[in-house]
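A.B. asks: Coordinates in coords36.cif, mmCIF, C-alpha atoms, are listed below.
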```cif
data_target
loop_
_atom_site.label_atom_id
_atom_site.label_comp_id
_atom_site.auth_asym_id
_atom_site.auth_seq_id
_atom_site.Cartn_x
_atom_site.Cartn_y
_atom_site.Cartn_z
CA MET A 1262 32.25 0.96 27.82
CA LYS A 1263 29.18 2.00 25.86
CA GLN A 1264 28.80 0.84 22.26
CA THR A 1265 29.60 3.67 19.83
CA ASP A 1266 28.07 2.39 16.58
CA ILE A 1267 24.90 3.99 15.16
CA TYR A 1268 22.81 0.82 15.59
CA HIS A 1269 23.10 0.98 19.38
CA SER A 1270 22.35 4.71 19.34
CA ILE A 1271 19.19 4.09 17.31
CA MET A 1272 18.10 1.32 19.67
CA ASP A 1273 18.59 3.71 22.57
CA TRP A 1274 16.43 6.31 20.82
CA CYS A 1275 13.72 3.67 20.21
CA ARG A 1276 13.63 3.06 23.96
CA THR A 1277 13.88 6.64 25.19
CA LYS A 1278 12.53 9.06 22.54
CA ARG A 1279 8.79 8.64 22.93
CA PRO A 1280 6.37 9.90 20.26
CA ASP A 1281 4.57 13.12 21.09
CA CYS A 1282 1.28 12.25 19.35
CA GLU A 1283 0.46 8.60 20.05
CA PHE A 1284 -3.29 8.12 20.52
CA THR A 1285 -4.14 7.46 24.18
CA GLY A 1286 -7.74 8.67 24.28
CA ARG A 1287 -11.06 6.84 24.49
CA THR A 1288 -13.80 9.13 23.23
CA ARG A 1289 -14.82 10.73 19.95
CA THR A 1290 -13.76 14.08 21.39
CA ASP A 1291 -10.31 12.66 22.18
CA LEU A 1292 -10.12 11.23 18.69
CA LYS A 1293 -11.12 14.48 16.98
CA LYS A 1294 -8.44 16.44 18.85
CA TRP A 1295 -5.74 13.82 18.26
CA ARG A 1296 -6.59 13.39 14.61
CA ALA A 1297 -6.27 17.09 13.82
CA GLU A 1298 -2.84 17.22 15.47
CA PHE A 1299 -1.43 13.98 14.07
CA ALA A 1300 -2.73 14.70 10.55
CA ARG A 1301 -0.67 17.92 10.52
CA HIS A 1302 2.45 16.02 11.56
CA TYR A 1303 1.85 13.27 9.00
CA ARG A 1304 1.27 15.58 6.05
CA ARG A 1305 4.37 17.60 6.88
CA CYS A 1306 6.47 14.42 7.21
CA LEU A 1307 5.14 12.86 4.00
CA GLY A 1308 6.05 16.00 2.07
CA PRO A 1309 4.34 17.98 -0.69
CA TRP A 1310 2.27 16.51 -3.48
CA PRO A 1311 3.60 16.82 -7.02
CA ARG A 1312 1.85 19.07 -9.54
CA PRO A 1313 -0.97 17.45 -11.53
CA ALA A 1314 -0.75 16.94 -15.27
CA PRO A 1315 -3.53 16.09 -17.75
CA LEU A 1316 -3.84 12.30 -17.60
CA ARG A 1317 -3.67 11.68 -21.36
CA VAL A 1318 -4.43 7.97 -20.94
CA ARG A 1319 -3.12 5.91 -23.84
CA ILE A 1320 -4.08 2.27 -24.45
CA LEU A 1321 -0.97 0.36 -25.52
CA GLY A 1322 -2.44 -3.12 -25.84
CA ARG A 1323 -5.51 -5.27 -25.23
CA ARG A 1324 -5.75 -8.99 -24.60
CA LYS A 1325 -8.62 -11.39 -23.94
CA CYS A 1326 -7.87 -13.62 -20.96
CA ASP A 1327 -9.87 -16.36 -19.26
CA GLY A 1328 -12.82 -14.46 -17.81
CA PHE A 1329 -11.53 -10.91 -18.27
CA ILE A 1330 -9.97 -8.35 -20.60
CA ARG A 1331 -6.49 -7.01 -19.81
CA GLU A 1332 -5.51 -3.61 -21.20
CA LYS A 1333 -2.12 -2.02 -20.85
CA VAL A 1334 -2.27 1.75 -20.43
CA VAL A 1335 0.08 4.61 -19.62
CA PHE A 1336 -0.80 8.06 -18.30
CA GLU A 1337 0.97 11.16 -17.04
CA SER A 1338 0.51 11.78 -13.31
CA THR A 1339 2.67 14.90 -13.00
CA PRO A 1340 4.78 16.69 -15.63
CA GLY A 1341 7.47 14.27 -16.75
CA ILE A 1342 6.23 11.31 -14.66
CA HIS A 1343 4.46 8.55 -16.64
CA VAL A 1344 2.70 5.62 -15.00
CA PRO A 1345 2.23 2.27 -16.78
CA ALA A 1346 -0.66 0.13 -15.54
CA TYR A 1347 -2.88 -2.79 -16.39
CA ILE A 1348 -6.67 -2.40 -16.36
CA LEU A 1349 -8.56 -5.67 -15.88
CA THR A 1350 -12.27 -5.73 -16.79
CA PRO A 1351 -14.64 -8.68 -16.29
CA ALA A 1352 -15.64 -10.29 -19.58
CA GLY A 1353 -19.17 -9.89 -20.86
CA LEU A 1354 -20.16 -6.61 -19.21
CA ALA A 1355 -23.04 -4.82 -20.87
CA LYS A 1356 -22.51 -1.33 -22.22
CA GLY A 1357 -22.79 1.08 -19.30
CA GLU A 1358 -22.94 -1.71 -16.69
CA LYS A 1359 -21.31 -0.45 -13.49
CA ARG A 1360 -19.09 -2.44 -11.15
CA PRO A 1361 -17.02 -1.47 -8.09
CA GLY A 1362 -13.41 -0.60 -8.81
CA ILE A 1363 -10.26 -1.89 -7.12
CA LEU A 1364 -6.76 -0.43 -7.08
CA ALA A 1365 -4.47 -3.47 -6.71
CA ALA A 1366 -1.09 -2.47 -5.27
CA HIS A 1367 1.89 -4.75 -5.85
CA GLY A 1368 4.73 -5.25 -3.39
CA HIS A 1369 8.49 -5.60 -3.83
CA GLY A 1370 9.44 -7.69 -6.85
CA ARG A 1371 8.62 -7.40 -10.52
CA GLY A 1372 5.72 -4.97 -10.23
CA LYS A 1373 2.23 -5.09 -11.69
CA ALA A 1374 2.98 -8.13 -13.89
CA SER A 1375 3.14 -10.47 -10.90
CA ILE A 1376 -0.29 -9.63 -9.48
CA CYS A 1377 -1.91 -9.56 -12.95
CA GLY A 1378 -0.80 -13.02 -14.02
CA VAL A 1379 1.68 -11.77 -16.62
CA VAL A 1380 4.44 -14.36 -16.27
CA ALA A 1381 6.57 -15.24 -19.29
CA LYS A 1382 6.35 -18.86 -20.40
CA GLY A 1383 9.33 -20.74 -19.03
CA ASP A 1384 10.19 -18.11 -16.40
CA LYS A 1385 10.15 -20.58 -13.52
CA ALA A 1386 11.73 -18.17 -11.02
CA HIS A 1387 8.94 -15.63 -11.54
CA ALA A 1388 6.23 -18.29 -11.50
CA ASP A 1389 7.61 -19.78 -8.27
CA ALA A 1390 7.79 -16.35 -6.62
CA VAL A 1391 4.16 -15.61 -7.53
CA LYS A 1392 3.03 -19.01 -6.23
CA LYS A 1393 4.99 -18.66 -2.98
CA VAL A 1394 3.10 -15.55 -1.85
CA ASN A 1395 -0.22 -16.29 -3.64
CA TYR A 1396 0.45 -13.11 -5.54
CA GLY A 1397 -2.28 -13.05 -8.20
CA TYR A 1398 -4.80 -10.96 -6.27
CA ALA A 1399 -5.47 -8.51 -9.12
CA VAL A 1400 -6.72 -11.47 -11.18
CA GLU A 1401 -8.70 -12.72 -8.17
CA ALA A 1402 -10.33 -9.29 -7.94
CA VAL A 1403 -11.44 -9.14 -11.57
CA LEU A 1404 -12.77 -12.71 -11.39
CA HIS A 1405 -14.84 -11.59 -8.38
CA GLY A 1406 -16.44 -8.96 -10.62
CA TYR A 1407 -14.35 -5.85 -9.92
CA VAL A 1408 -12.79 -3.55 -12.49
CA VAL A 1409 -9.13 -3.40 -11.48
CA ILE A 1410 -6.26 -1.01 -12.09
CA ALA A 1411 -2.75 -2.21 -11.20
CA PRO A 1412 0.10 0.29 -11.73
CA ASP A 1413 3.83 -0.09 -11.43
CA TRP A 1414 5.19 1.85 -8.46
CA ILE A 1415 8.63 3.48 -8.51
CA PRO A 1416 11.14 1.70 -8.72
CA PHE A 1417 9.52 -1.57 -9.89
CA GLY A 1418 8.45 -3.20 -13.13
CA GLU A 1419 8.65 -0.79 -16.05
CA ARG A 1420 9.63 2.02 -13.64
CA LYS A 1421 12.79 0.30 -12.44
CA PRO A 1422 15.86 2.50 -13.05
CA PRO A 1423 18.87 1.26 -15.04
CA ILE A 1424 21.03 -1.07 -12.96
CA TRP A 1425 24.12 1.01 -13.71
CA TRP A 1426 22.42 4.02 -12.05
CA SER A 1427 21.33 2.36 -8.80
CA ARG A 1428 24.17 -0.23 -8.96
CA PRO A 1429 23.45 -3.94 -8.42
CA TYR A 1430 24.62 -3.91 -4.78
CA ARG A 1431 22.43 -0.95 -3.76
CA ASP A 1432 18.68 -0.80 -3.08
CA ALA A 1433 16.89 0.95 -5.96
CA CYS A 1434 14.24 2.11 -3.47
CA ASP A 1435 16.86 3.99 -1.46
CA ILE A 1436 18.55 5.52 -4.52
CA SER A 1437 15.22 6.63 -6.01
CA SER A 1438 14.14 8.04 -2.65
CA MET A 1439 17.30 10.11 -2.25
CA ALA A 1440 17.10 11.39 -5.83
CA LEU A 1441 13.51 12.59 -5.38
CA GLN A 1442 14.32 14.22 -2.04
CA TYR A 1443 16.98 16.34 -3.73
CA PHE A 1444 14.01 17.93 -5.56
CA GLY A 1445 11.90 18.26 -2.40
CA TYR A 1446 9.68 15.19 -2.72
CA THR A 1447 9.55 11.86 -0.92
CA LEU A 1448 9.31 8.69 -2.98
CA LEU A 1449 6.30 7.57 -0.95
CA ALA A 1450 4.43 10.81 -1.68
CA GLN A 1451 5.13 10.39 -5.40
CA ASN A 1452 3.82 6.82 -5.39
CA VAL A 1453 0.74 7.78 -3.36
CA TRP A 1454 0.11 10.64 -5.79
CA ASP A 1455 0.43 8.21 -8.71
CA GLY A 1456 -2.05 5.93 -6.93
CA MET A 1457 -4.55 8.77 -6.55
CA ARG A 1458 -4.18 9.50 -10.26
CA CYS A 1459 -4.91 5.79 -10.85
CA VAL A 1460 -8.18 6.36 -8.98
CA ASP A 1461 -8.84 9.24 -11.39
CA VAL A 1462 -8.42 6.80 -14.28
CA LEU A 1463 -10.56 4.16 -12.57
CA CYS A 1464 -13.38 6.61 -11.84
CA ARG A 1465 -13.52 7.59 -15.53
CA HIS A 1466 -13.82 3.98 -16.69
CA PRO A 1467 -17.24 3.42 -18.33
CA ASN A 1468 -17.85 0.27 -16.26
CA VAL A 1469 -16.85 1.64 -12.84
CA ASP A 1470 -19.15 3.01 -10.15
CA PRO A 1471 -16.98 5.85 -8.75
CA ARG A 1472 -18.85 5.66 -5.44
CA LYS A 1473 -17.46 2.16 -4.84
CA ILE A 1474 -13.67 2.15 -4.92
CA GLY A 1475 -11.44 -0.12 -2.84
CA VAL A 1476 -7.72 -0.84 -2.49
CA ILE A 1477 -5.82 -4.07 -1.80
CA GLY A 1478 -2.15 -4.95 -1.45
CA LEU A 1479 0.44 -7.26 0.07
CA SER A 1480 3.69 -6.13 1.72
CA TYR A 1481 4.75 -2.87 0.02
CA GLY A 1482 1.30 -3.13 -1.55
CA GLY A 1483 0.01 -2.97 2.04
CA THR A 1484 2.10 0.17 2.56
CA MET A 1485 0.50 1.73 -0.50
CA ALA A 1486 -3.00 0.58 0.50
CA THR A 1487 -2.45 2.20 3.92
CA HIS A 1488 -1.42 5.60 2.61
CA LEU A 1489 -4.04 5.60 -0.15
CA LEU A 1490 -6.79 4.87 2.38
CA VAL A 1491 -5.54 7.85 4.39
CA ASN A 1492 -5.15 10.29 1.52
CA ASP A 1493 -7.86 9.56 -1.05
CA PRO A 1494 -11.44 10.10 0.18
CA ARG A 1495 -12.83 8.25 -2.86
CA ILE A 1496 -11.35 4.97 -1.58
CA ARG A 1497 -14.07 3.51 0.62
CA ALA A 1498 -12.56 0.25 1.94
CA GLY A 1499 -9.44 -1.85 1.79
CA VAL A 1500 -7.48 -5.01 2.53
CA VAL A 1501 -4.00 -4.45 3.96
CA SER A 1502 -2.04 -7.69 3.80
CA GLY A 1503 1.25 -8.41 5.59
CA TYR A 1504 2.03 -4.82 6.55
CA ILE A 1505 0.40 -3.62 9.78
CA SER A 1506 3.30 -3.49 12.23
CA THR A 1507 5.54 -0.96 13.95
CA VAL A 1508 8.80 0.60 12.84
CA ARG A 1509 9.95 1.32 16.39
CA HIS A 1510 9.38 -2.11 17.93
CA ASP A 1511 10.28 -4.36 15.01
CA ALA A 1512 11.53 -2.96 11.70
CA LEU A 1513 14.51 -1.07 13.13
CA GLY A 1514 15.41 -3.65 15.76
CA PRO A 1515 17.40 -6.89 15.87
CA ARG A 1516 14.48 -9.02 14.69
CA GLY A 1517 13.56 -6.75 11.78
CA LYS A 1518 17.21 -5.96 11.00
CA GLY A 1519 16.35 -2.60 9.49
CA ASN A 1520 13.41 -4.02 7.51
CA THR A 1521 12.47 -0.79 5.80
CA CYS A 1522 13.35 0.94 2.55
CA GLY A 1523 13.25 4.30 0.83
CA ALA A 1524 9.94 3.51 -0.87
CA GLN A 1525 8.04 3.39 2.45
CA TYR A 1526 10.03 6.00 4.34
CA VAL A 1527 8.11 8.80 6.10
CA PRO A 1528 10.78 11.22 7.41
CA GLY A 1529 10.25 12.11 11.06
CA LEU A 1530 7.36 9.69 11.64
CA LEU A 1531 8.69 8.24 14.91
CA LYS A 1532 8.81 11.69 16.47
CA HIS A 1533 5.02 11.70 16.43
CA GLY A 1534 3.69 8.15 16.12
CA ASP A 1535 4.06 4.98 14.08
CA ILE A 1536 2.20 2.91 11.49
CA PRO A 1537 -0.93 2.39 13.70
CA GLU A 1538 -1.31 6.17 14.04
CA VAL A 1539 -1.01 6.61 10.27
CA LEU A 1540 -3.74 4.02 9.76
CA GLY A 1541 -5.78 5.81 12.41
CA LEU A 1542 -6.19 8.70 9.99
CA ALA A 1543 -8.26 6.38 7.76
CA VAL A 1544 -10.87 5.76 10.48
CA PRO A 1545 -13.78 4.99 10.02
CA LYS A 1546 -13.05 3.39 6.65
CA PRO A 1547 -13.53 -0.40 6.74
CA VAL A 1548 -10.17 -2.22 6.60
CA LEU A 1549 -9.34 -5.92 6.84
CA PHE A 1550 -5.80 -6.81 7.92
CA GLU A 1551 -4.20 -10.06 6.81
CA MET A 1552 -1.32 -11.36 8.93
CA GLY A 1553 0.47 -14.71 8.92
CA ARG A 1554 1.10 -16.44 12.22
CA ARG A 1555 4.38 -17.69 10.70
CA GLU A 1556 5.32 -14.34 9.14
CA ASP A 1557 8.92 -14.28 7.94
CA THR A 1558 9.10 -10.65 6.76
CA PHE A 1559 7.23 -8.92 9.56
CA HIS A 1560 6.70 -10.35 13.06
CA TYR A 1561 3.30 -11.70 14.06
CA PRO A 1562 3.44 -10.55 17.75
CA ASP A 1563 4.37 -7.04 16.59
CA MET A 1564 1.56 -7.10 14.02
CA ILE A 1565 -0.93 -7.97 16.76
CA ARG A 1566 0.50 -5.16 18.91
CA ALA A 1567 -0.02 -2.68 16.06
CA TYR A 1568 -3.51 -4.02 15.30
CA ARG A 1569 -4.59 -3.58 18.94
CA ARG A 1570 -3.32 0.01 18.96
CA LEU A 1571 -5.33 0.73 15.82
CA ALA A 1572 -8.40 -1.06 17.20
CA ARG A 1573 -8.41 1.41 20.12
CA ILE A 1574 -8.74 4.25 17.63
CA TYR A 1575 -11.64 2.49 15.88
CA ARG A 1576 -13.34 1.93 19.25
CA ALA A 1577 -13.02 5.62 20.10
CA ALA A 1578 -14.71 6.37 16.77
CA GLY A 1579 -17.55 3.92 17.51
CA ALA A 1580 -16.49 1.95 14.41
CA GLU A 1581 -15.50 -1.43 15.88
CA ASP A 1582 -17.36 -3.25 13.09
CA ARG A 1583 -15.15 -1.61 10.46
CA ILE A 1584 -11.88 -3.24 11.45
CA ALA A 1585 -11.15 -6.97 11.20
CA LYS A 1586 -8.25 -9.38 10.82
CA ASP A 1587 -7.49 -12.59 8.98
CA ALA A 1588 -4.78 -14.25 11.10
CA HIS A 1589 -3.96 -17.13 8.77
CA GLY A 1590 -1.51 -19.95 9.37
CA GLY A 1591 0.90 -19.05 6.59
CA ARG A 1592 3.98 -16.92 6.15
CA HIS A 1593 4.32 -13.63 4.28
CA ARG A 1594 1.62 -14.07 1.62
CA TRP A 1595 -1.77 -12.94 0.39
CA SER A 1596 -4.51 -14.94 2.07
CA GLY A 1597 -7.78 -13.86 0.45
CA ARG A 1598 -9.84 -16.09 2.79
CA LYS A 1599 -11.91 -13.18 4.11
CA ALA A 1600 -10.98 -10.45 1.65
CA TRP A 1601 -13.72 -10.83 -0.94
CA ASP A 1602 -16.59 -11.18 1.53
CA TRP A 1603 -15.21 -8.12 3.34
CA LEU A 1604 -15.03 -6.01 0.21
CA SER A 1605 -18.47 -7.09 -1.05
CA ARG A 1606 -19.89 -6.04 2.33
CA TRP A 1607 -18.58 -2.49 2.04
CA LEU A 1608 -18.44 -1.72 -1.68
#
```
Could the structure of this file be written out as structure tokens, please?
C.D. replies:
Amino acid sequence: MKQTDIYHSIMDWCRTKRPDCEFTGRTRTDLKKWRAEFARHYRRCLGPWPRPAPLRVRILGRRKCDGFIREKVVFESTPGIHVPAYILTPAGLAKGEKRPGILAAHGHGRGKASICGVVAKGDKAHADAVKKVNYGYAVEAVLHGYVVIAPDWIPFGERKPPIWWSRPYRDACDISSMALQYFGYTLLAQNVWDGMRCVDVLCRHPNVDPRKIGVIGLSYGGTMATHLLVNDPRIRAGVVSGYISTVRHDALGPRGKGNTCGAQYVPGLLKHGDIPEVLGLAVPKPVLFEMGRREDTFHYPDMIRAYRRLARIYRAAGAEDRIAKDAHGGRHRWSGRKAWDWLSRWL
């Protein structure tokens, strides 16, 4: 007797319902044709962009740290949606001195605070979590000379909803996603839009060269880096850490155990492709992919599978030198071994 639960039905679909727009070509002509078709599918699946609002950036606080200045700001990305962020600026910059800018995208957890070194004294649980995944890459970026903006994504940090609304036993990503979709928007599109408005803020910073903007992020930060590379032409290069993978072959299956959430959900994606195809829309932007050989959130063999699929797209574009990987020996964490040399090469 066949299994009747939805898990087994989904696994059957993963085996039998093949995508209609996976890249199988080899030439620039193949790539151009595929890209036009897949881009239409992707934009329709991601959903509409919100309406813009005047940014109205307000500085809420300023603190001198060891080697940099940290400002807390808030701005309006779309009517009624306000985005809190930290801006980190290297200490000692001359008036009008220009540096490349970085959008640092946090992953699941406590939001922008974790990657910006804002850990309350005595909060051992937070400090241990940051140490475990080497999470302070926004601070690393500013100490390497970049001007950095690090926002909170929905539903993390200061944008986390009340517990009574999402309920402690439910995923706030899923609840927020469903709520936004009632109004015709996906949560991912809202966060990507907020990220593009962060680039607006970054490009207006007096110490930022708007021609040199990059993006970095671990885990859900890698999700955000992926979609920002695809959607914002001002972002020139990136580091995607602990994210390149497939939904079909890992996240939905017995190994991944449904390792996905409403914050990274692209409705209908598997009808047309998967994460490598989404990243293929960023070609020929230079991207470094970090992946742990002992990954415990994603699956290293699946990450390599996804990377090879994407590398075929880069080869078809004649851009083999613009894709690279840092396959480190760790688990799910930020590596940084190759990241800063990579970014200095391209920004």
A.B. asks: Determine the residue membership of the PyMOL selection byres ((chain A and resi 1475) around 12) for the file above and supply it as a PyMOL selection string.
C.D. replies: chain A and resi 1360-1366+1402+1407-1410+1456-1457+1459-1460+1463-1464+1469-1474+1476-1478+1486-1487+1489-1490+1493-1501+1546-1549+1600-1601+1603-1608
A.B. asks: Write out as an mmCIF file with C-alpha atoms, in the frame of the given file each polymer residue whose atoms come within 7 Å of segment 1306-1321 of chain A, counting all atoms listed in the file; drop sequence neighbours fewer than 3 positions from it.
C.D. replies:
```
data_model
loop_
_atom_site.group_PDB
_atom_site.id
_atom_site.type_symbol
_atom_site.label_atom_id
_atom_site.label_comp_id
_atom_site.auth_asym_id
_atom_site.auth_seq_id
_atom_site.Cartn_x
_atom_site.Cartn_y
_atom_site.Cartn_z
ATOM 1 C CA HIS A 1302 2.450 16.020 11.560
ATOM 2 C CA TYR A 1303 1.850 13.270 9.000
ATOM 3 C CA GLU A 1332 -5.510 -3.610 -21.200
ATOM 4 C CA LYS A 1333 -2.120 -2.020 -20.850
ATOM 5 C CA VAL A 1334 -2.270 1.750 -20.430
ATOM 6 C CA VAL A 1335 0.080 4.610 -19.620
ATOM 7 C CA PHE A 1336 -0.800 8.060 -18.300
ATOM 8 C CA GLU A 1337 0.970 11.160 -17.040
ATOM 9 C CA SER A 1338 0.510 11.780 -13.310
ATOM 10 C CA THR A 1339 2.670 14.900 -13.000
ATOM 11 C CA PRO A 1340 4.780 16.690 -15.630
ATOM 12 C CA TYR A 1446 9.680 15.190 -2.720
ATOM 13 C CA THR A 1447 9.550 11.860 -0.920
ATOM 14 C CA ALA A 1450 4.430 10.810 -1.680
ATOM 15 C CA GLN A 1451 5.130 10.390 -5.400
ATOM 16 C CA TRP A 1454 0.110 10.640 -5.790
ATOM 17 C CA VAL A 1527 8.110 8.800 6.100
ATOM 18 C CA PRO A 1528 10.780 11.220 7.410
ATOM 19 C CA GLY A 1529 10.250 12.110 11.060
ATOM 20 C CA LEU A 1530 7.360 9.690 11.640
#
```
A.B. asks: For segment 1322-1328 of chain A, I'd like the enclosing box, axis-aligned and padded by 8 Å on every side, reported as lines of an AutoDock Vina configuration file with centre and edge lengths in Å to one decimal.
C.D. replies:
```
center_x = -7.6
center_y = -9.7
center_z = -21.8
size_x = 26.4
size_y = 29.2
size_z = 24.0
```
A.B. asks: How many Å separate atom CA of Arg1458 of chain A from atom CA of Gly1341 of chain A?
C.D. replies: 14.2 Å
A.B. asks: What is the distance, in Å and to one decimal place, between atom CA of Gly1286 of chain A and atom CA of Asp1511 of chain A?
C.D. replies: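 Going from atom CA of Gly1286 of chain A over to atom CA of Asp1511 of chain A, I get 24.1 Å.
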A.B. asks: Which residues would end up in the selection if the PyMOL selection byres ((chain A and resi 1372) around 9) were applied here, given that I need the answer as a ChimeraX atom specification?
C.D. replies: /A:1366-1371,1373-1376,1411-1414,1416-1420
A.B. asks: From the set A:Arg1331, A:His1510, A:Arg1305, A:Arg1287, which residue has the shortest atom-to-atom contact distance to Ile1565 of chain A, counting all atoms listed in the file?
C.D. replies: A:His1510
A.B. asks: With all atoms listed in the file as the basis for distance, which of A:Phe1284, A:Tyr1443, A:Trp1595, A:Tyr1561 is at the shortest distance from Phe1299 of chain A?
C.D. replies: A:Phe1284
A.B. asks: How far is it from atom CA of Asp1535 of chain A to atom CA of Val1508 of chain A, in Å with one decimal?
C.D. replies: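 Rounded to one decimal, the two atoms are 6.6 Å apart.
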A.B. asks: Using all atoms listed in the file, which of A:Gly1591, A:Glu1358, A:Thr1285, A:Arg1516 sits nearest Arg1576 of chain A?
C.D. replies: A:Thr1285
A.B. asks: Choose the residue, out of A:Arg1594, A:Met1485, A:Ile1415, A:Trp1425, that has the smallest atom-to-atom separation from Val1344 of chain A; count all atoms listed in the file.
C.D. replies: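 The answer is A:Ile1415, which sits nearest to Val1344 of chain A.
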